[in-house]
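Colleague: Please read through the structure below; I'll follow up with questions.
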Amino acid sequence: CRTCAVVGNSRFLRGSGHGFRINQHDMVLRMNQAPVLGFETDVGNKTTMRIMYPEMA
């Protein structure tokens, strides 16, 4: 892929409005079970791959 975004479960994204910018990447990797629904404006809604730590699965 040409561009990718790695999105974690961080309170710093809340209110950031970065969702559109995150969605523009070719690949969006999300960590663990970070919620997307209801936070699309800040974290986007595109998910190419979700990576889970064993403790979170």
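Convention: chains lettered A, B, ... in structure tokens order; per-chain residue numbering from 1; ligands numbered from 1 as shown.
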Determine which residues of stretch 8-56 of chain A receive a DSSP assignment of alpha helix (DSSP H), computed from the backbone, and state them as a ChimeraX atom specification.
Modeller: /A:19-23,40-43
Colleague: Generate a file of the selected residues that holds C-alpha atoms, formatted as a PDB file, in the first residue's frame.
Modeller:
ATOM      1  CA  GLY A  19     -11.669  10.864  10.800  1.00  0.00           C
ATOM      2  CA  PHE A  20     -11.696  12.133   7.216  1.00  0.00           C
ATOM      3  CA  ARG A  21      -7.894  12.209   7.095  1.00  0.00           C
ATOM      4  CA  ILE A  22      -7.648   8.670   8.541  1.00  0.00           C
ATOM      5  CA  ASN A  23     -10.159   7.335   5.988  1.00  0.00           C
ATOM      6  CA  GLU A  40     -16.384   8.429  13.114  1.00  0.00           C
ATOM      7  CA  THR A  41     -15.676  12.162  12.964  1.00  0.00           C
ATOM      8  CA  ASP A  42     -12.574  11.673  15.093  1.00  0.00           C
ATOM      9  CA  VAL A  43     -11.329   8.150  14.249  1.00  0.00           C
TER      10      VAL A  43
END
Colleague: As a list in words, please: the residues near A:Arg30 (cut-off 7 Å, only C-alpha atoms, same-chain neighbours under 6 positions excluded).
Modeller: Val6, Val7, Gly8, Thr47, Met49, Arg50 and Ile51 of chain A
Colleague: Deliver the residues from the most recent selection as a file, using N, CA and C atoms, as a compact mmCIF listing (two decimals), in the first residue's frame.
Modeller:
# COMPACT_ATOMS: atom_id res chain seq x y z
N VAL A 6 -2.22 3.89 11.50
CA VAL A 6 -2.36 2.97 12.62
C VAL A 6 -3.12 3.74 13.70
N VAL A 7 -4.30 3.23 14.04
CA VAL A 7 -5.18 3.94 14.96
C VAL A 7 -5.32 3.13 16.24
N GLY A 8 -4.90 3.72 17.33
CA GLY A 8 -5.00 3.05 18.62
C GLY A 8 -6.19 3.58 19.41
N THR A 47 -11.72 0.38 8.17
CA THR A 47 -10.86 -0.57 8.86
C THR A 47 -10.43 -1.62 7.85
N MET A 49 -7.62 -3.71 8.65
CA MET A 49 -7.18 -4.82 9.49
C MET A 49 -7.26 -4.39 10.95
N ARG A 50 -7.69 -5.32 11.80
CA ARG A 50 -7.72 -5.06 13.24
C ARG A 50 -6.73 -6.01 13.89
N ILE A 51 -5.82 -5.45 14.67
CA ILE A 51 -4.78 -6.24 15.33
C ILE A 51 -5.13 -6.32 16.81
Colleague: As a list of chain:residue names, please: every residue in chain A that DSSP puts in strand (DSSP E or B).
Modeller: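 Of chain A, only A:Cys4, A:Ala5, A:Val6, A:Val7, A:Met27, A:Val28, A:Leu29, A:Arg30, A:Met31, A:Met49, A:Arg50, A:Ile51 fall in strand (DSSP E or B).
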Colleague: Those same residues, written as a compact mmCIF listing (two decimals), in the first residue's frame with N, CA and C atoms?
Modeller:
# COMPACT_ATOMS: atom_id res chain seq x y z
N CYS A 4 -0.61 4.35 5.02
CA CYS A 4 -1.37 3.61 6.03
C CYS A 4 -1.49 4.46 7.29
N ALA A 5 -2.53 4.18 8.04
CA ALA A 5 -2.75 4.83 9.34
C ALA A 5 -2.89 3.72 10.37
N VAL A 6 -2.22 3.89 11.50
CA VAL A 6 -2.36 2.97 12.62
C VAL A 6 -3.12 3.74 13.70
N VAL A 7 -4.30 3.23 14.04
CA VAL A 7 -5.18 3.94 14.96
C VAL A 7 -5.32 3.13 16.24
N MET A 27 -4.63 1.93 3.67
CA MET A 27 -4.82 0.88 4.67
C MET A 27 -4.97 1.54 6.04
N VAL A 28 -5.97 1.09 6.79
CA VAL A 28 -6.19 1.59 8.14
C VAL A 28 -6.14 0.40 9.09
N LEU A 29 -5.13 0.39 9.95
CA LEU A 29 -4.95 -0.67 10.95
C LEU A 29 -5.47 -0.16 12.28
N ARG A 30 -6.31 -0.95 12.92
CA ARG A 30 -6.86 -0.55 14.22
C ARG A 30 -6.39 -1.53 15.28
N MET A 31 -6.05 -1.00 16.42
CA MET A 31 -5.53 -1.80 17.52
C MET A 31 -6.64 -2.17 18.50
N MET A 49 -7.62 -3.71 8.65
CA MET A 49 -7.18 -4.82 9.49
C MET A 49 -7.26 -4.39 10.95
N ARG A 50 -7.69 -5.32 11.80
CA ARG A 50 -7.72 -5.06 13.24
C ARG A 50 -6.73 -6.01 13.89
N ILE A 51 -5.82 -5.45 14.67
CA ILE A 51 -4.78 -6.24 15.33
C ILE A 51 -5.13 -6.32 16.81
Colleague: Nearest to A:Asn9 among A:His25, A:Asn32, A:Gly38, A:Gly44, with distances taken over only C-alpha atoms: which residue is it?
Modeller: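 The answer is A:Asn32, which sits nearest to A:Asn9.
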